[in-house]
Amino acid sequence: MLDYEFMRAAFLAGTIVAVVAGAVGYFLVLRNLAFAGHALSHVGFAGATGAVLIGVAPLWGLVVFTAGAGVAMGILGDRVRGRDVAVGIILSLALGLGVLFLHFYTSYATQATALLFGNVLGVSMDGVWSLLGLAVVSLAALAVISRPLLFATIDPELAEARGVSLRLVSVLFLLVVALAVAEATQVVGILLVFALMVGPAAAAQRLSGRFRVALALSVLFALAQTWLGIALAYETDWPPSFWITFLSFVTYAASVAATHSWRQHRVALAAD
Amino acid sequence: MSAVGLHGVALTRGERTVLSGVEAEIAAGEFIGILGPNGSGKTTLLHAILGLIKPSAGQIRVFDRPPGVAGGTIGYLPQRRSALADLTMRGRDYIGGAVRGERWGLPRLTAADRADIDDLLALVEGKDLAERPLSQMSGGELQRLLLAKALLGRPKLLLLDEPLMSLDLRFQAGVVALVKKVQERLRLTVLFTAHELNPLLGVMDRVLYLAAGHAAIGSVDEVMTGDVLTRLYRTPIEVLRVGGRIVVVSAHGEMDGHHHHDHA
């Protein structure tokens with residue numbers, strides 16, 4: 001299957017995206033921000049379709065819109081929390097704008113499906129280079145902020161007292177999330193970023209309480225899901241996005257089952 | 001030596017003046033109970049001593065320095081958040097996340113850091129917490145873990161925000177005894193907020209009582225009197241002593257927070 005260039009490109013793109021999504025997703029889940037990733041991808045839809053309309057690759061429209069929304073969320077901070085209605089209405093507006101932009105664009109249906117549900121088999125080698133560039137930037141930024149980010153997550157008041165700017169850390173992190181979301185949509189589309197950004201990280205955190213191990217597991221699960229998903233898509237001719245979301249579900253469900261039976265085992269031991 | 005000096009301090013949150021005219025001089029090594037009903041400004045006062053908010057009037061000194069500068073000498077145990085109970089991170093990694101967290105870069109613990117974390121966990125009688133995820137800890141165990149984290153970097157001043165909240169009486173006594181032991185072992189100044197006085201009787205040196213925007217400081221016998229509290233609350237208050245316990249009663253019934261744990 002690696003004889004075809006589009007398959008090689010798909011595996012390369014999937015690998016790059018999985019590493020970024022797994023690593024960024026770990027902190028996203030740790031900070032209870034899973035739905036922020038979801039929201040950012042929705043805003044990105046308007047950017048992606050807008051970019052298509054003016055003849056730019058959708059990835060760059062996504063990056064600009066998700067990054068802008070990420071910064072806005074970071075600055076607004078806690079004021080956004082609990083405002084489900086306002087946030088929901090803005091997100092539907094973003095999707096609605098996306099629909100409008102697509103209306104003006106002629107090859108409507110394929111473009112829309114690719115954006116919404118992903119089309120990793122359609123990534124070109126040029127696209128792979130763009131993804132690699134974005135990945136380097138977002139992983140480097142994550143590496144720089146990860147220490148204060150962890151501190152601000154587990155001990156915000158003390159972190160602030162020790163001179164960590166909670167707002168700066170939050171804005172920088174959401175910028176990293178925005179880049180990761182833009183990348184993830186290239187594989188699983190706007191509606192399914194949860195499968196790569198949240199599923200692997202949540203399963204990893206259930207399985208290990210060690211920071212490094214859980215972070216590594218998160219990346220590993222994202223990679224396994226993506227590789228296996230693309231391979232299964234090749235064998236079955238079903239969409240890769242289906243397989244990746246399915247594997248994400250299986251991984252998470254397995255982690256829940258594993259921790260459950262392990263806990264019951266411990267309870268049984270304690271009762272003896 | 002003065003650990004915390006509050007000179008004519010007024011604190012505001014948004015538009016609301018939470019406290020004003022607070023005068024207190026807390027000596028190094030003292031154990032101070034900060035008491036008062038919910039919303040009386042206990043957390044706000046701790047945040048001001050940490051340097052998170054600036055007083056709108058007056059001056060705060062921590063070891064004769066402004067609060068922000070003194071950041072490194074203060075240990076802080078925040079009010080417990082419900083999100084903590086969902087964390088699957090194990091105790092050692094949780095505490096490790098706060099080690100020199102103000103620096104940029106990747107989180108990295110040296111062997112000395114890990115040994116230090118284990119020492120602190122032993123000090124709070126929680127050696128086994130190192131390997132266990134937070135989501136599996138009881139309320140009392142979580143407080144011990146948070147206490148160990150607050151002691152990172154060996155602070156001289158320890159600010160504890162409601163460590164007894166939502167613990168039952170048995171565990172309350174355990175936490176108070178543990179804080180006292182740690183205080184004596186490390187010669188700390190402790191500011192311990194609570195909305196009930198009795199668990200701290202016999203342990204605290206003085207009480208700083210906050211109510212209706214004002215504060216009074218002194219020994220329990222000096223502060224916990226009808227006269228002093230009536231002046232603070234600006235409503236008639238009686239203080240009853242029943243079998244070694246202190247009950248605060250207003251003309252309208254018992255005051256908020258001084259009794260309900262007994263029934264819980």
# chains A, B, ... in the order shown; residues from 1 in each chain; ligands from 1
>>> closest_atom_pairs(of="chain B", to="chain A", cutoff="9 Å", atoms="only C-alpha atoms", output="CSV")
residue,atom,partner,partner_atom,distance
B:His47,CA,A:Glu157,CA,8.0
B:Leu50,CA,A:Ala161,CA,6.0
B:Gly51,CA,A:Ala161,CA,6.1
B:Leu52,CA,A:Ala161,CA,6.1
B:Pro67,CA,A:Ala161,CA,8.9
B:Gly68,CA,A:Ala161,CA,6.7
B:Val69,CA,A:Arg162,CA,8.9
B:Gly71,CA,A:Arg162,CA,5.7
B:Gly72,CA,A:Arg162,CA,6.7
B:Ile74,CA,A:Leu158,CA,8.9
B:Gly75,CA,A:Leu158,CA,7.9
B:Tyr76,CA,A:Leu158,CA,6.5
B:Leu77,CA,A:Leu158,CA,8.6
B:Pro78,CA,A:Glu157,CA,7.4
B:Ala83,CA,A:Asn32,CA,8.4
B:Leu84,CA,A:Ile154,CA,8.4
B:Leu87,CA,A:Leu30,CA,7.7
B:Thr88,CA,A:Gly209,CA,5.4
B:Met89,CA,A:Gly209,CA,3.8
B:Arg90,CA,A:Gly209,CA,4.6
B:Gly91,CA,A:Gly209,CA,8.3
B:Arg92,CA,A:Arg210,CA,8.3
B:Asp93,CA,A:Arg210,CA,6.0
B:Tyr94,CA,A:Ile154,CA,7.2
B:Ile95,CA,A:Ile154,CA,8.6
B:Gly96,CA,A:Phe151,CA,9.0
B:Gly97,CA,A:Phe151,CA,5.5
B:Ala98,CA,A:Phe151,CA,5.0
B:Val99,CA,A:Phe151,CA,7.9
B:Arg100,CA,A:Arg147,CA,8.3
B:Gly101,CA,A:Pro148,CA,4.9
B:Glu102,CA,A:Pro148,CA,5.3
B:Arg103,CA,A:Pro148,CA,6.3
B:Trp104,CA,A:Val144,CA,5.5
B:Gly105,CA,A:Val144,CA,4.2
B:Leu106,CA,A:Arg147,CA,5.2
B:Pro107,CA,A:Arg147,CA,4.6
B:Arg108,CA,A:Arg147,CA,8.1
B:Glu131,CA,A:Gly209,CA,8.1
B:Arg132,CA,A:Gly209,CA,7.7
B:Pro133,CA,A:Gly209,CA,5.9
B:Leu134,CA,A:Gly209,CA,8.7
B:Ala150,CA,A:Leu158,CA,9.0
>>> select_by_dssp(residues="stretch 6-226 of chain A", states="alpha helix (DSSP H)", output="PyMOL selection string")
chain A and resi 6-30+34-53+58-76+84-104+108-117+125-154+156-161+166-188+193-197+199-207+211-226
>>> select_by_dssp(residues="stretch 44-245 of chain B", states="strand (DSSP E or B)", output="ChimeraX atom specification")
/B:57-62,65,74-77,90,133,157-160,189-194,206-211,214-218,237-242,245
>>> write_last_selection(atoms="N, CA and C atoms", output="short mmCIF file (atom, residue, chain, number, x, y, z; two decimals), in the first residue's frame")
data_model
loop_
_atom_site.label_atom_id
_atom_site.label_comp_id
_atom_site.auth_asym_id
_atom_site.auth_seq_id
_atom_site.Cartn_x
_atom_site.Cartn_y
_atom_site.Cartn_z
N ALA B 57 -6.23 50.40 50.35
CA ALA B 57 -5.69 51.36 51.30
C ALA B 57 -4.81 50.59 52.28
N GLY B 58 -3.87 51.30 52.93
CA GLY B 58 -3.03 50.68 53.94
C GLY B 58 -1.88 49.90 53.34
N GLN B 59 -1.21 49.12 54.18
CA GLN B 59 0.02 48.46 53.76
C GLN B 59 0.09 47.06 54.34
N ILE B 60 0.57 46.12 53.51
CA ILE B 60 0.81 44.76 53.98
C ILE B 60 2.31 44.50 53.91
N ARG B 61 2.86 43.94 54.97
CA ARG B 61 4.28 43.56 54.97
C ARG B 61 4.39 42.09 55.30
N VAL B 62 5.21 41.37 54.55
CA VAL B 62 5.47 39.96 54.85
C VAL B 62 6.96 39.84 55.11
N ARG B 65 8.78 42.84 54.06
CA ARG B 65 8.90 43.14 52.63
C ARG B 65 7.49 43.22 52.04
N ILE B 74 6.48 32.04 50.99
CA ILE B 74 5.12 31.70 51.39
C ILE B 74 4.69 30.38 50.79
N GLY B 75 4.13 29.51 51.62
CA GLY B 75 3.50 28.29 51.12
C GLY B 75 2.00 28.48 51.18
N TYR B 76 1.29 27.94 50.22
CA TYR B 76 -0.14 28.23 50.12
C TYR B 76 -0.92 26.95 49.85
N LEU B 77 -1.93 26.73 50.64
CA LEU B 77 -2.84 25.60 50.40
C LEU B 77 -4.18 26.18 49.99
N ARG B 90 -0.81 10.89 39.78
CA ARG B 90 -0.48 10.39 41.12
C ARG B 90 0.19 11.49 41.93
N PRO B 133 -3.21 7.82 42.51
CA PRO B 133 -3.84 8.94 41.80
C PRO B 133 -4.75 9.76 42.72
N LEU B 157 6.26 30.99 55.96
CA LEU B 157 4.87 31.36 56.26
C LEU B 157 3.95 30.44 55.48
N LEU B 158 2.97 29.86 56.18
CA LEU B 158 2.07 28.92 55.54
C LEU B 158 0.65 29.48 55.59
N LEU B 159 0.04 29.65 54.42
CA LEU B 159 -1.34 30.13 54.34
C LEU B 159 -2.24 28.96 53.97
N LEU B 160 -3.19 28.63 54.84
CA LEU B 160 -4.05 27.48 54.59
C LEU B 160 -5.48 27.96 54.46
N THR B 189 5.21 30.07 60.58
CA THR B 189 4.08 30.91 60.94
C THR B 189 2.90 30.38 60.14
N VAL B 190 1.78 30.15 60.80
CA VAL B 190 0.64 29.56 60.12
C VAL B 190 -0.58 30.48 60.20
N LEU B 191 -1.18 30.74 59.05
CA LEU B 191 -2.47 31.43 59.00
C LEU B 191 -3.47 30.42 58.46
N PHE B 192 -4.45 30.07 59.27
CA PHE B 192 -5.33 28.93 59.00
C PHE B 192 -6.76 29.45 58.99
N THR B 193 -7.41 29.50 57.83
CA THR B 193 -8.78 29.99 57.82
C THR B 193 -9.76 28.84 58.04
N ALA B 194 -10.84 29.17 58.71
CA ALA B 194 -11.86 28.16 58.99
C ALA B 194 -13.15 28.91 59.27
N ARG B 206 -3.54 32.78 68.50
CA ARG B 206 -4.49 33.90 68.51
C ARG B 206 -5.51 33.72 67.40
N VAL B 207 -6.59 34.46 67.50
CA VAL B 207 -7.62 34.39 66.48
C VAL B 207 -7.75 35.77 65.81
N LEU B 208 -7.85 35.74 64.47
CA LEU B 208 -8.15 36.96 63.72
C LEU B 208 -9.57 36.77 63.21
N TYR B 209 -10.50 37.55 63.78
CA TYR B 209 -11.90 37.33 63.47
C TYR B 209 -12.37 38.38 62.46
N LEU B 210 -12.96 37.92 61.36
CA LEU B 210 -13.46 38.84 60.33
C LEU B 210 -14.97 38.77 60.29
N ALA B 211 -15.60 39.94 60.29
CA ALA B 211 -17.06 39.97 60.12
C ALA B 211 -17.48 41.36 59.69
N HIS B 214 -14.91 44.11 58.96
CA HIS B 214 -13.91 44.54 59.93
C HIS B 214 -13.22 43.32 60.55
N ALA B 215 -12.13 43.61 61.29
CA ALA B 215 -11.36 42.52 61.86
C ALA B 215 -10.99 42.83 63.30
N ALA B 216 -10.87 41.78 64.11
CA ALA B 216 -10.36 41.91 65.47
C ALA B 216 -9.36 40.79 65.69
N ILE B 217 -8.25 41.11 66.36
CA ILE B 217 -7.25 40.08 66.62
C ILE B 217 -6.94 40.02 68.10
N GLY B 218 -6.68 38.83 68.60
CA GLY B 218 -6.34 38.67 70.00
C GLY B 218 -6.45 37.22 70.39
N ILE B 237 -24.65 40.12 69.69
CA ILE B 237 -24.09 38.76 69.63
C ILE B 237 -23.82 38.28 71.04
N GLU B 238 -24.07 37.01 71.28
CA GLU B 238 -23.68 36.40 72.54
C GLU B 238 -22.73 35.27 72.26
N VAL B 239 -21.78 35.08 73.14
CA VAL B 239 -20.85 33.96 72.99
C VAL B 239 -21.06 33.02 74.17
N LEU B 240 -21.41 31.80 73.87
CA LEU B 240 -21.68 30.82 74.93
C LEU B 240 -20.54 29.82 74.98
N ARG B 241 -20.22 29.41 76.20
CA ARG B 241 -19.22 28.35 76.35
C ARG B 241 -19.91 27.13 76.91
N VAL B 242 -19.91 26.08 76.11
CA VAL B 242 -20.63 24.87 76.49
C VAL B 242 -19.65 23.70 76.47
N ARG B 245 -16.57 24.07 74.54
CA ARG B 245 -16.76 24.53 73.17
C ARG B 245 -17.33 25.94 73.19
#
>>> residues_around(residues="stretch 93-110 of chain A", least_positions_apart="5", cutoff="7 Å", atoms="only C-alpha atoms", output="PDB file with N, CA and C atoms, in the first residue's frame")
ATOM      1  N   HIS A  42     -14.688  24.524  15.156  1.00  0.00           N
ATOM      2  CA  HIS A  42     -15.880  25.083  14.516  1.00  0.00           C
ATOM      3  C   HIS A  42     -15.613  26.464  13.946  1.00  0.00           C
ATOM      4  N   VAL A  43     -14.916  27.280  14.737  1.00  0.00           N
ATOM      5  CA  VAL A  43     -14.569  28.614  14.242  1.00  0.00           C
ATOM      6  C   VAL A  43     -13.692  28.477  12.999  1.00  0.00           C
ATOM      7  N   PHE A  45     -13.844  26.394  10.672  1.00  0.00           N
ATOM      8  CA  PHE A  45     -14.610  26.060   9.459  1.00  0.00           C
ATOM      9  C   PHE A  45     -14.833  27.296   8.590  1.00  0.00           C
ATOM     10  N   ALA A  46     -15.218  28.408   9.234  1.00  0.00           N
ATOM     11  CA  ALA A  46     -15.429  29.645   8.474  1.00  0.00           C
ATOM     12  C   ALA A  46     -14.126  30.073   7.807  1.00  0.00           C
ATOM     13  N   THR A  49     -13.279  27.623   4.767  1.00  0.00           N
ATOM     14  CA  THR A  49     -14.103  27.842   3.570  1.00  0.00           C
ATOM     15  C   THR A  49     -13.824  29.210   2.964  1.00  0.00           C
ATOM     16  N   GLY A  50     -13.570  30.190   3.826  1.00  0.00           N
ATOM     17  CA  GLY A  50     -13.231  31.529   3.342  1.00  0.00           C
ATOM     18  C   GLY A  50     -11.942  31.491   2.522  1.00  0.00           C
ATOM     19  N   LEU A  53     -12.462  30.095  -0.855  1.00  0.00           N
ATOM     20  CA  LEU A  53     -13.150  31.073  -1.691  1.00  0.00           C
ATOM     21  C   LEU A  53     -12.163  32.048  -2.342  1.00  0.00           C
TER      22      LEU A  53
END
>>> closest_residue(among="A:Val193, A:Ala182, A:Leu121, A:Ala231", to="A:Val63", atoms="only C-alpha atoms")
A:Ala182
>>> residues_around(residues="stretch 243-256 of chain A", least_positions_apart="3", cutoff="9 Å", atoms="only C-alpha atoms", output="PyMOL selection string")
chain A and resi 188+192+194-196+198-200+202-204+206-207+221-222+224-230+232-233+238-240+259-261
>>> write_last_selection(atoms="C-alpha atoms", output="compact mmCIF listing (two decimals), in the first residue's frame")
# COMPACT_ATOMS: atom_id res chain seq x y z
CA VAL A 188 -10.19 13.82 10.76
CA LEU A 192 -14.07 14.89 14.61
CA PHE A 194 -12.12 15.05 19.54
CA ALA A 195 -11.04 11.66 18.21
CA LEU A 196 -7.40 12.77 17.99
CA VAL A 198 -9.12 14.19 23.39
CA GLY A 199 -9.63 10.42 23.04
CA PRO A 200 -5.97 9.33 23.21
CA ALA A 202 -8.12 10.85 28.11
CA ALA A 203 -7.34 7.13 27.76
CA ALA A 204 -3.67 7.76 28.59
CA ARG A 206 -6.80 6.95 32.92
CA LEU A 207 -4.03 4.40 32.49
CA PHE A 221 -2.36 6.03 21.16
CA ALA A 222 -2.85 8.89 18.68
CA ALA A 224 -1.59 3.86 16.64
CA GLN A 225 -5.13 5.06 15.95
CA THR A 226 -4.02 7.05 12.91
CA TRP A 227 -1.74 4.43 11.36
CA LEU A 228 -4.17 1.60 11.93
CA GLY A 229 -7.08 3.77 10.78
CA ILE A 230 -5.38 4.61 7.48
CA LEU A 232 -7.86 -0.28 7.65
CA ALA A 233 -9.29 2.34 5.31
CA TRP A 238 -14.20 2.75 4.26
CA PRO A 239 -13.27 6.35 5.18
CA PRO A 240 -10.14 6.70 7.38
CA THR A 259 -9.10 0.82 35.21
CA HIS A 260 -12.46 -0.50 36.41
CA SER A 261 -11.45 -4.13 36.65
>>> residues_around(residues="stretch 2-6 of chain A", least_positions_apart="2", cutoff="8 Å", atoms="only C-alpha atoms", output="PDB file with C-alpha atoms, in the first residue's frame")
ATOM      1  CA  ARG A   8       2.825   7.670   1.743  1.00  0.00           C
ATOM      2  CA  ALA A   9       1.616  11.243   2.092  1.00  0.00           C
ATOM      3  CA  ALA A  10      -1.333  10.056   4.207  1.00  0.00           C
ATOM      4  CA  LEU A 121      -5.944  10.355   1.703  1.00  0.00           C
ATOM      5  CA  GLY A 122      -6.199  13.650  -0.169  1.00  0.00           C
ATOM      6  CA  VAL A 123      -3.203  15.348   1.509  1.00  0.00           C
ATOM      7  CA  SER A 124      -0.502  16.250  -1.018  1.00  0.00           C
TER       8      SER A 124
END
>>> decode(residues="stretch 119-164 of chain A", atoms="C-alpha atoms", output="tab-separated table (two decimals), in the first residue's frame")
chain	number	residue	atom	x	y	z
A	119	ASN	CA	-9.69	13.55	3.96
A	120	VAL	CA	-6.26	12.33	4.95
A	121	LEU	CA	-5.94	10.35	1.70
A	122	GLY	CA	-6.20	13.65	-0.17
A	123	VAL	CA	-3.20	15.35	1.51
A	124	SER	CA	-0.50	16.25	-1.02
A	125	MET	CA	3.25	16.15	-0.37
A	126	ASP	CA	3.16	19.96	-0.26
A	127	GLY	CA	0.50	19.62	2.39
A	128	VAL	CA	2.78	17.33	4.38
A	129	TRP	CA	5.50	19.99	4.41
A	130	SER	CA	3.01	22.60	5.65
A	131	LEU	CA	1.89	20.23	8.40
A	132	LEU	CA	5.49	19.56	9.38
A	133	GLY	CA	6.22	23.28	9.64
A	134	LEU	CA	3.17	23.89	11.80
A	135	ALA	CA	4.01	20.86	13.94
A	136	VAL	CA	7.53	22.10	14.63
A	137	VAL	CA	6.22	25.52	15.65
A	138	SER	CA	3.47	24.19	17.91
A	139	LEU	CA	5.62	21.51	19.58
A	140	ALA	CA	8.44	23.98	20.16
A	141	ALA	CA	6.01	26.44	21.72
A	142	LEU	CA	4.52	23.68	23.87
A	143	ALA	CA	7.98	22.66	25.06
A	144	VAL	CA	8.73	26.24	26.09
A	145	ILE	CA	5.49	26.79	28.02
A	146	SER	CA	4.91	23.28	29.39
A	147	ARG	CA	6.49	23.84	32.80
A	148	PRO	CA	4.60	27.02	33.78
A	149	LEU	CA	1.53	25.53	32.07
A	150	LEU	CA	1.62	22.51	34.36
A	151	PHE	CA	2.24	24.76	37.40
A	152	ALA	CA	-0.63	27.08	36.44
A	153	THR	CA	-2.90	24.08	35.92
A	154	ILE	CA	-2.34	22.40	39.27
A	155	ASP	CA	-1.69	25.45	41.47
A	156	PRO	CA	-2.95	28.67	39.83
A	157	GLU	CA	-2.79	30.98	42.87
A	158	LEU	CA	0.71	30.01	43.89
A	159	ALA	CA	1.85	30.14	40.27
A	160	GLU	CA	0.57	33.70	40.04
A	161	ALA	CA	2.22	34.59	43.35
A	162	ARG	CA	5.53	33.25	41.97
A	163	GLY	CA	5.26	35.53	38.95
A	164	VAL	CA	3.63	33.28	36.35
